[in-house]
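Asks: This is final-v1.cif, which holds mmCIF, C-alpha atoms:
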```cif
data_protein
#
loop_
_atom_site.label_atom_id
_atom_site.label_comp_id
_atom_site.auth_asym_id
_atom_site.auth_seq_id
_atom_site.Cartn_x
_atom_site.Cartn_y
_atom_site.Cartn_z
CA MET V 242 -58.70 20.16 106.09
CA LYS V 243 -57.74 19.22 102.48
CA LYS V 244 -60.34 16.96 100.90
CA ASN V 245 -58.23 15.80 97.93
CA ILE V 246 -55.91 13.77 100.16
CA LEU V 247 -58.52 11.00 100.29
CA TYR V 248 -58.52 10.76 96.45
CA CYS V 249 -54.74 10.55 95.75
CA PRO V 250 -54.58 6.73 95.63
CA ILE V 251 -57.49 6.68 93.19
CA LYS V 252 -55.84 9.24 90.92
CA ILE V 253 -52.58 7.35 90.98
CA SER V 254 -54.35 4.12 90.04
CA LEU V 255 -56.13 5.79 87.15
CA MET V 256 -52.90 7.24 85.86
CA CYS V 257 -51.22 3.84 85.93
CA VAL V 258 -54.12 2.25 84.04
CA LEU V 259 -54.06 4.98 81.39
CA PHE V 260 -50.29 4.61 81.01
CA LEU V 261 -50.57 0.87 80.47
CA ILE V 262 -53.37 1.32 77.94
CA SER V 263 -51.35 3.87 75.97
CA PHE V 264 -48.29 1.60 76.03
CA VAL V 265 -50.22 -1.37 74.68
CA SER V 266 -52.00 0.70 72.03
CA CYS V 267 -48.70 2.18 70.78
CA LYS V 268 -46.87 -1.14 70.59
CA LYS V 269 -45.51 -1.82 67.08
CA ARG V 270 -47.38 -4.59 65.29
CA ASP V 271 -45.35 -7.57 64.13
CA ASP V 272 -47.28 -7.90 60.89
CA TYR V 273 -46.33 -4.45 59.54
CA PRO V 274 -43.92 -4.53 56.59
CA LYS V 275 -40.37 -3.47 57.39
CA PHE V 276 -39.47 -1.06 54.65
CA ASP V 277 -36.07 -0.20 56.08
CA ASP V 278 -34.83 -3.79 56.16
CA LYS V 279 -32.18 -4.46 53.55
CA LYS V 280 -32.38 -7.81 51.81
CA GLU V 281 -29.13 -9.57 51.29
CA GLY V 282 -28.17 -9.73 47.64
CA LEU V 283 -28.18 -13.21 46.22
CA VAL V 284 -25.12 -14.20 44.20
CA PRO V 285 -26.36 -15.91 41.02
CA GLU V 286 -25.20 -19.48 40.73
CA ASP V 287 -22.89 -20.10 37.80
CA VAL V 288 -24.60 -23.07 36.21
CA ILE V 289 -22.79 -24.60 33.24
CA PRO V 290 -25.20 -26.63 31.11
CA PRO V 291 -24.06 -30.04 29.87
CA ASP V 292 -22.41 -29.89 26.47
CA ASP V 293 -21.80 -33.02 24.43
CA LYS V 294 -20.76 -31.26 21.23
CA ILE V 295 -17.25 -29.85 21.00
CA GLU V 296 -16.58 -27.16 18.39
CA LYS V 297 -13.73 -27.68 15.92
CA ILE V 298 -11.63 -24.82 17.25
CA THR V 299 -12.05 -26.12 20.80
CA GLN V 300 -10.99 -29.59 19.73
CA LYS V 301 -7.80 -28.13 18.24
CA ILE V 302 -6.96 -26.55 21.60
CA MET V 303 -7.70 -29.80 23.46
CA ASP V 304 -5.60 -31.88 21.06
CA GLN V 305 -2.61 -29.58 20.62
CA ALA V 306 -2.29 -27.00 23.40
CA ASP V 307 -2.21 -29.21 26.53
CA VAL V 308 -4.00 -26.60 28.64
CA VAL V 309 -7.46 -28.17 29.08
CA GLY V 310 -7.93 -30.40 32.10
CA VAL V 311 -11.72 -30.79 31.96
CA PHE V 312 -13.85 -29.48 29.11
CA GLN V 313 -17.04 -27.80 30.35
CA MET V 314 -18.81 -26.11 27.43
CA ASP V 315 -18.40 -24.09 24.26
CA SER V 316 -20.58 -22.28 21.75
CA THR V 317 -19.99 -20.67 18.37
CA VAL V 318 -22.01 -17.89 16.78
CA SER V 319 -21.62 -16.57 13.25
CA LEU V 320 -21.62 -12.78 13.18
CA ALA V 321 -21.27 -12.68 9.39
CA ASP V 322 -19.87 -14.71 6.55
CA GLY V 323 -16.21 -14.95 7.50
CA LEU V 324 -16.53 -13.91 11.15
CA GLU V 325 -17.21 -16.35 13.99
CA ARG V 326 -17.02 -15.98 17.76
CA THR V 327 -16.47 -18.99 20.01
CA HIS V 328 -16.77 -18.98 23.79
CA ILE V 329 -14.97 -21.82 25.58
CA ARG V 330 -15.05 -22.73 29.27
CA PHE V 331 -12.89 -25.40 30.86
CA LEU V 332 -10.90 -26.32 33.93
CA ASN V 333 -7.17 -25.98 33.38
CA LYS V 334 -4.56 -28.52 34.42
CA LEU V 335 -4.71 -27.16 37.99
CA ASN V 336 -8.48 -27.63 38.06
CA GLN V 337 -9.07 -23.86 37.85
CA PRO V 338 -11.90 -22.32 35.77
CA THR V 339 -10.96 -20.62 32.51
CA SER V 340 -13.08 -18.69 30.03
CA ILE V 341 -11.89 -17.73 26.55
CA GLN V 342 -13.49 -15.73 23.74
CA ILE V 343 -12.09 -16.32 20.23
CA LEU V 344 -12.84 -14.37 17.07
CA GLU V 345 -11.85 -16.13 13.84
CA ILE V 346 -11.78 -13.71 10.91
CA ASP V 347 -11.55 -14.93 7.33
CA LEU V 348 -9.86 -12.02 5.60
CA LYS V 349 -10.75 -13.44 2.18
CA LYS V 350 -14.36 -12.48 2.90
CA LYS V 351 -15.70 -8.94 3.23
CA ILE V 352 -14.46 -8.62 6.83
CA VAL V 353 -11.60 -6.20 7.39
CA PRO V 354 -9.80 -5.08 10.55
CA TYR V 355 -9.94 -1.42 11.44
CA VAL V 356 -7.81 0.42 13.99
CA MET V 357 -10.13 2.41 16.25
CA SER V 358 -9.38 5.35 18.51
CA SER V 359 -11.08 6.96 21.48
CA PHE V 360 -14.01 9.05 20.24
CA ASP V 361 -12.74 8.46 16.67
CA ASP V 362 -10.19 11.20 17.29
CA HIS V 363 -6.45 11.52 17.78
CA LEU V 364 -6.56 11.87 21.54
CA TYR V 365 -4.59 10.30 24.36
CA VAL V 366 -7.69 9.55 26.40
CA ALA V 367 -9.23 6.23 27.39
CA GLN V 368 -12.67 5.01 26.35
CA PRO V 369 -14.55 1.73 26.89
CA VAL V 370 -14.30 -0.50 23.82
CA SER V 371 -18.08 -0.75 23.41
CA ASP V 372 -18.35 3.04 23.23
CA MET V 373 -15.28 3.25 21.01
CA ALA V 374 -16.89 0.96 18.44
CA LYS V 375 -19.96 3.20 18.36
CA TYR V 376 -17.91 6.33 17.72
CA ASN V 377 -15.70 4.68 15.06
CA GLU V 378 -18.34 2.89 12.99
CA ILE V 379 -19.03 5.75 10.58
CA SER V 380 -15.35 6.25 9.70
CA SER V 381 -14.83 2.46 9.35
CA GLY V 382 -16.82 2.38 6.12
CA GLY V 383 -19.09 -0.44 7.24
CA GLU V 384 -20.51 -2.16 10.33
CA ILE V 385 -18.18 -2.92 13.25
CA LEU V 386 -19.49 -6.37 14.19
CA ALA V 387 -16.97 -7.00 16.98
CA ALA V 388 -14.07 -5.22 18.65
CA ILE V 389 -11.24 -5.78 21.12
CA ASN V 390 -9.19 -3.45 23.29
CA GLY V 391 -5.81 -1.99 22.41
CA ALA V 392 -3.21 -0.14 24.45
CA THR V 393 -3.91 1.65 27.72
CA THR V 394 -0.82 3.87 27.72
CA ALA V 395 0.60 6.33 25.22
CA THR V 396 4.03 4.70 25.06
CA TYR V 397 3.10 2.26 22.27
CA SER V 398 3.05 2.93 18.54
CA TYR V 399 -0.26 4.00 17.13
CA ILE V 400 -1.40 4.96 13.63
CA LYS V 401 -4.96 6.02 12.90
CA ASN V 402 -6.18 6.54 9.32
CA GLY V 403 -2.60 7.05 8.14
CA ARG V 404 -1.75 9.62 10.79
CA LYS V 405 1.36 8.63 12.78
CA ILE V 406 0.35 9.53 16.31
CA ASN V 407 3.23 7.61 17.88
CA ILE V 408 5.85 5.53 16.06
CA SER V 409 8.38 5.23 18.87
CA THR V 410 8.23 1.41 18.86
CA THR V 411 8.22 1.01 15.06
CA SER V 412 9.87 2.50 12.00
CA GLY V 413 13.25 1.05 12.90
CA LYS V 414 13.45 2.76 16.28
CA GLU V 415 12.58 -0.45 18.09
CA LYS V 416 12.66 -3.63 16.05
CA THR V 417 11.54 -6.20 18.59
CA ARG V 418 8.19 -4.99 19.96
CA PRO V 419 5.32 -6.69 18.04
CA PHE V 420 2.66 -4.68 16.28
CA PHE V 421 -0.46 -5.26 14.22
CA ALA V 422 -1.08 -3.10 11.18
CA VAL V 423 -3.60 -2.67 8.40
CA GLN V 424 -1.93 -1.82 5.13
CA SER V 425 -3.24 0.65 2.59
CA ASP V 426 -4.75 -2.18 0.54
CA GLY V 427 -6.56 -3.53 3.65
CA ALA V 428 -4.21 -6.47 4.21
CA ALA V 429 -3.39 -7.47 7.79
CA TYR V 430 0.22 -7.49 8.93
CA ILE V 431 2.14 -8.41 12.11
CA GLY V 432 5.53 -6.80 12.16
CA ASN V 433 8.88 -6.41 13.89
CA CYS V 434 11.15 -9.25 14.98
CA PHE V 435 11.29 -11.34 18.14
CA ASP V 436 15.10 -11.42 18.17
CA THR V 437 17.22 -9.66 15.55
CA LEU V 438 20.21 -11.85 16.44
CA GLN V 439 18.42 -15.13 15.80
CA PHE V 440 16.22 -14.03 12.88
CA ASN V 441 16.56 -11.79 9.88
CA PHE V 442 14.63 -8.60 10.37
CA GLU V 443 11.85 -8.19 7.79
CA PRO V 444 11.81 -4.54 6.71
CA TYR V 445 8.54 -2.69 6.16
CA ASP V 446 7.43 0.72 4.97
CA ILE V 447 5.53 2.40 7.79
CA ASN V 448 4.11 4.90 5.32
CA LYS V 449 2.02 2.09 3.80
CA PHE V 450 0.14 1.43 7.04
CA LYS V 451 -3.18 3.18 7.47
CA GLY V 452 -3.69 1.72 10.95
CA LEU V 453 -1.35 0.27 13.57
CA ILE V 454 -1.29 -0.71 17.24
CA SER V 455 1.65 -2.28 19.05
CA GLY V 456 1.53 -4.88 21.81
CA THR V 457 3.52 -5.89 24.85
CA GLY V 458 5.20 -9.22 24.04
CA TRP V 459 5.50 -12.03 21.53
CA LEU V 460 3.61 -15.32 21.86
CA GLN V 461 4.63 -16.82 18.51
CA TYR V 462 7.13 -15.84 15.88
CA ARG V 463 7.31 -17.50 12.48
CA GLY V 464 5.47 -20.53 13.73
CA GLY V 465 7.52 -21.06 16.87
CA VAL V 466 6.14 -20.68 20.39
CA ILE V 467 7.99 -18.09 22.46
CA VAL V 468 8.80 -19.33 25.96
CA SER V 469 8.11 -16.73 28.65
CA THR V 470 9.77 -16.54 32.05
CA SER V 471 6.60 -15.06 33.54
CA ALA V 472 4.23 -17.41 35.38
CA VAL V 473 1.57 -14.78 36.08
CA VAL V 474 -1.98 -16.03 35.52
CA GLN V 475 -4.14 -13.12 34.37
CA ALA V 476 -6.60 -11.77 31.82
CA ASN V 477 -5.09 -11.28 28.37
CA THR V 478 -5.92 -9.97 24.91
CA ALA V 479 -4.02 -11.38 21.95
CA LEU V 480 -3.88 -11.15 18.16
CA GLY V 481 -2.60 -13.81 15.80
CA LEU V 482 -2.23 -14.17 12.04
CA SER V 483 -2.01 -17.34 9.95
CA SER V 484 1.06 -18.11 7.86
CA ASP V 485 -0.65 -17.05 4.62
CA ARG V 486 -2.07 -13.94 6.34
CA SER V 487 -5.59 -14.89 5.32
CA THR V 488 -7.00 -15.63 8.79
CA LEU V 489 -6.84 -13.36 11.81
CA TYR V 490 -7.46 -14.51 15.37
CA ALA V 491 -8.47 -12.23 18.24
CA VAL V 492 -8.51 -13.84 21.68
CA VAL V 493 -9.67 -12.48 25.05
CA VAL V 494 -9.16 -14.53 28.23
CA ASP V 495 -11.07 -13.51 31.35
CA GLY V 496 -9.26 -13.18 34.67
CA ALA V 497 -11.10 -10.62 36.81
CA ASN V 498 -13.14 -13.12 38.83
CA SER V 499 -11.25 -16.25 39.86
CA SER V 500 -14.47 -18.18 40.49
CA PHE V 501 -15.40 -17.65 36.82
CA SER V 502 -11.97 -17.57 35.15
CA VAL V 503 -8.50 -17.29 36.66
CA GLY V 504 -6.85 -16.16 33.45
CA VAL V 505 -3.93 -17.71 31.61
CA THR V 506 -0.14 -17.54 31.51
CA PHE V 507 1.72 -16.27 28.47
CA ASN V 508 3.07 -19.76 27.78
CA ASP V 509 -0.38 -21.36 27.83
CA LEU V 510 -1.79 -18.55 25.70
CA ALA V 511 1.02 -19.06 23.18
CA ARG V 512 0.11 -22.74 22.90
CA ILE V 513 -3.55 -21.83 22.42
CA MET V 514 -2.73 -19.35 19.65
CA LYS V 515 -0.59 -21.92 17.85
CA ALA V 516 -3.28 -24.61 18.19
CA ILE V 517 -6.03 -22.49 16.63
CA GLY V 518 -3.89 -21.64 13.60
CA SER V 519 -1.66 -18.62 14.31
CA TYR V 520 1.80 -18.32 12.81
CA ASP V 521 2.69 -15.00 14.39
CA ALA V 522 0.94 -13.84 17.57
CA PHE V 523 1.43 -11.39 20.41
CA VAL V 524 -0.17 -10.02 23.57
CA VAL V 525 -1.99 -6.76 22.90
CA ASN V 526 -2.58 -6.05 26.58
CA SER V 527 -3.14 -7.79 29.90
CA GLY V 528 -5.27 -7.29 32.98
CA ALA V 529 -8.37 -5.19 33.55
CA ALA V 530 -8.42 -3.77 30.01
CA SER V 531 -9.05 -7.13 28.28
CA VAL V 532 -12.44 -6.70 26.61
CA MET V 533 -14.36 -8.02 23.62
CA ALA V 534 -17.57 -6.36 22.42
CA GLN V 535 -20.16 -7.46 19.86
CA ARG V 536 -22.62 -5.42 17.80
CA GLN V 537 -26.32 -5.93 18.46
CA LEU V 538 -29.44 -4.23 17.14
CA SER V 539 -32.17 -3.24 19.56
CA ALA V 540 -35.66 -4.67 19.20
CA GLY V 541 -38.25 -2.72 17.28
CA SER V 542 -38.50 -1.01 13.92
CA VAL V 543 -35.73 1.49 14.68
CA GLY V 544 -33.07 -1.12 15.37
CA LEU V 545 -30.45 1.06 17.04
CA ALA V 546 -26.99 -0.52 17.24
CA SER V 547 -25.18 -1.07 20.51
CA TRP V 548 -22.04 -2.98 21.41
CA ASN V 549 -22.36 -5.41 24.28
CA VAL V 550 -19.37 -6.75 26.19
CA VAL V 551 -19.36 -10.54 25.73
CA ASN V 552 -16.66 -11.45 28.25
CA ARG V 553 -16.47 -10.64 31.97
CA PRO V 554 -14.06 -7.80 32.67
CA PRO V 555 -13.94 -6.27 36.15
CA VAL V 556 -16.63 -3.79 37.18
CA SER V 557 -13.91 -1.13 37.27
CA MET V 558 -13.02 -1.89 33.65
CA ILE V 559 -10.12 0.14 32.31
CA GLY V 560 -10.71 1.98 29.05
CA SER V 561 -8.31 1.85 26.11
CA LEU V 562 -6.64 4.49 23.96
CA ASN V 563 -7.29 2.43 20.85
CA GLY V 564 -8.58 -0.92 19.70
CA VAL V 565 -9.29 -3.12 16.70
CA GLY V 566 -12.73 -3.40 15.15
CA PHE V 567 -13.77 -6.08 12.68
CA VAL V 568 -15.83 -4.51 9.96
CA LYS V 569 -18.34 -5.93 7.52
CA MET V 570 -17.91 -3.70 4.51
CA LYS V 571 -20.98 -2.27 2.78
#
```
Just give me the structure as structure tokens.
Replies:
Amino acid sequence: MKKNILYCPIKISLMCVLFLISFVSCKKRDDYPKFDDKKEGLVPEDVIPPDDKIEKITQKIMDQADVVGVFQMDSTVSLADGLERTHIRFLNKLNQPTSIQILEIDLKKKIVPYVMSSFDDHLYVAQPVSDMAKYNEISSGGEILAAINGATTATYSYIKNGRKINISTTSGKEKTRPFFAVQSDGAAYIGNCFDTLQFNFEPYDINKFKGLISGTGWLQYRGGVIVSTSAVVQANTALGLSSDRSTLYAVVVDGANSSFSVGVTFNDLARIMKAIGSYDAFVVNSGAASVMAQRQLSAGSVGLASWNVVNRPPVSMIGSLNGVGFVKMK
């Protein structure tokens, strides 16, 4: 006879008890931290502080351009004697947010424009404007306090330190595409003609330009606003020059994030350029390449210079082949 038959129920009961004890003891505690849980990223709220003071340049746009529906805020900082940057935010006539950065450069002061290139070389490669300013500062002869993007393709005219890298859209080969140039004496110049049938072409000597970049289309010509057939609302970079060529305007309109700024049409941008004081103005480039950077020294005794982007381009910002820096001469 097998004695262990009488003890089977007892063994089974003990096994069940032990199983339950082990199950309870191994149960995961609710108060343990969950390291693998991913927290949802919080989107920072875009809070616009109340602003009761309107800057002079903003007031000009509100009075003359007919593009501002609701003024939200503006601020002006002086980067040097003769160089000011103004940031303006407003709702346009369609109640859409718009953000504009404006550089106003008094060329009678010791601020001169300087045509920059990628890595301060004669290369057809793209580089972010903030990095481009860093590479070009030594050759500029001073401090590049601010900079804007130039062309993104190699099809536009481009002169760097007197070297004619591409003059396919200047030098009489194409007389209608606008360009910005720095002459040998440092004077700023906007050249070519909007329409050679309506206006007399103003000749120029391309050999007297030490720097040049060409743009995509006219906004103003000889004081008149150019009417565009395009209704595209987008980011834009523009340059304008006063009638006496003593004041230069560099404008960057954001358009990468529609909740922050939808951008602007060419017609509205033309009215803005005229309102702030331009006589001749043109679009340098449009879209994801529209960038403005500003020089800043790091904290501490060393004070290393860096160039921070002051507008809001897309995360996948497109680099430029060239650009324009605004230099405080030593």
Asks: Which of these, V:Val568, V:Ser561, V:Arg418, V:Arg326, has the shortest distance to Ser358 (chain V) once you count all atoms listed in the file?
Replies: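 Of all the options, V:Ser561 lies closest to Ser358 (chain V).
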Asks: Distance CA of Leu335 (chain V)-CA of Ala472 (chain V), one decimal place?
Replies: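 Straight-line distance from CA of Leu335 (chain V) to CA of Ala472 (chain V) works out to 13.5 Å.
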Asks: Expressed in Å to a single decimal, how great is the separation between CA of Thr339 (chain V) and CA of Ala387 (chain V)?
Replies: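 Taking CA of Thr339 (chain V) as the start and CA of Ala387 (chain V) as the end point, the length is 21.5 Å.
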Asks: Please indicate the distance in Å from CA of Val311 (chain V) to CA of Asn336 (chain V), rounded to one decimal place.
Replies: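 Result for CA of Val311 (chain V) versus CA of Asn336 (chain V): 7.6 Å, one decimal.
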Asks: Mind checking which residues fall within 8 Å of Lys375 (chain V), counting all atoms listed in the file, ignoring those fewer than 3 positions away in the same chain, and posting them as an mmCIF file with C-alpha atoms, in the coordinates of the input?
Replies:
```
data_model
loop_
_atom_site.group_PDB
_atom_site.id
_atom_site.type_symbol
_atom_site.label_atom_id
_atom_site.label_comp_id
_atom_site.auth_asym_id
_atom_site.auth_seq_id
_atom_site.Cartn_x
_atom_site.Cartn_y
_atom_site.Cartn_z
ATOM 1 C CA SER V 371 -18.080 -0.750 23.410
ATOM 2 C CA ASP V 372 -18.350 3.040 23.230
ATOM 3 C CA GLU V 378 -18.340 2.890 12.990
ATOM 4 C CA SER V 547 -25.180 -1.070 20.510
ATOM 5 C CA TRP V 548 -22.040 -2.980 21.410
#
```
Asks: Closest to Ser499 (chain V) among V:Gly465, V:Gly544, V:Pro338, V:Pro554, using only C-alpha atoms?
Replies: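 Ranked by minimum distance to Ser499 (chain V), first place goes to V:Pro338.
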Asks: Would you please work out which residue, of V:Lys405, V:Lys571, V:Arg330, V:Lys294, is nearest to Ile343 (chain V) when using all atoms listed in the file?
Replies: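 Smallest distance to Ile343 (chain V) is found for V:Arg330.
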Asks: Just checking: using only C-alpha atoms, which residue out of V:Asp307, V:Asp509, V:Glu443, V:Glu325 ends up closest to Ala491 (chain V)?
Replies: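 The closest residue to Ala491 (chain V) is V:Glu325.
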Asks: Exactly which residues make up the result of the PyMOL selection byres ((chain V and resi 289-291) around 8) on this file, given as a ChimeraX atom specification?
Replies: /V:287-288,292-293,313-314
Asks: Evaluate the PyMOL selection byres ((chain V and resi 525) around 10) and record the selected residues as an mmCIF file with C-alpha atoms, in the coordinates of the input, following the chain and residue labels used in the document.
Replies:
```cif
data_model
loop_
_atom_site.group_PDB
_atom_site.id
_atom_site.type_symbol
_atom_site.label_atom_id
_atom_site.label_comp_id
_atom_site.auth_asym_id
_atom_site.auth_seq_id
_atom_site.Cartn_x
_atom_site.Cartn_y
_atom_site.Cartn_z
ATOM 1 C CA ILE V 389 -11.240 -5.780 21.120
ATOM 2 C CA ASN V 390 -9.190 -3.450 23.290
ATOM 3 C CA GLY V 391 -5.810 -1.990 22.410
ATOM 4 C CA ALA V 392 -3.210 -0.140 24.450
ATOM 5 C CA THR V 393 -3.910 1.650 27.720
ATOM 6 C CA PRO V 419 5.320 -6.690 18.040
ATOM 7 C CA PHE V 420 2.660 -4.680 16.280
ATOM 8 C CA PHE V 421 -0.460 -5.260 14.220
ATOM 9 C CA ILE V 454 -1.290 -0.710 17.240
ATOM 10 C CA SER V 455 1.650 -2.280 19.050
ATOM 11 C CA GLY V 456 1.530 -4.880 21.810
ATOM 12 C CA THR V 457 3.520 -5.890 24.850
ATOM 13 C CA GLY V 458 5.200 -9.220 24.040
ATOM 14 C CA TRP V 459 5.500 -12.030 21.530
ATOM 15 C CA ASN V 477 -5.090 -11.280 28.370
ATOM 16 C CA THR V 478 -5.920 -9.970 24.910
ATOM 17 C CA ALA V 479 -4.020 -11.380 21.950
ATOM 18 C CA LEU V 480 -3.880 -11.150 18.160
ATOM 19 C CA ALA V 491 -8.470 -12.230 18.240
ATOM 20 C CA VAL V 492 -8.510 -13.840 21.680
ATOM 21 C CA VAL V 493 -9.670 -12.480 25.050
ATOM 22 C CA ALA V 522 0.940 -13.840 17.570
ATOM 23 C CA PHE V 523 1.430 -11.390 20.410
ATOM 24 C CA VAL V 524 -0.170 -10.020 23.570
ATOM 25 C CA ASN V 526 -2.580 -6.050 26.580
ATOM 26 C CA SER V 527 -3.140 -7.790 29.900
ATOM 27 C CA SER V 531 -9.050 -7.130 28.280
ATOM 28 C CA GLY V 564 -8.580 -0.920 19.700
#
```
Asks: Go through V:Ile431, V:Val356, V:Leu364, V:Val550 and flag the residue nearest Leu489 (chain V), using only C-alpha atoms for the distances.
Replies: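 Looking at the shortest contact to Leu489 (chain V), the residue is V:Ile431.
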Asks: Tell me which residues the PyMOL selection byres ((chain V and resi 451) around 10) grabs here, as a VMD selection string.
Replies: chain V and resid 355 to 356 400 to 405 422 to 427 447 to 450 452 to 453
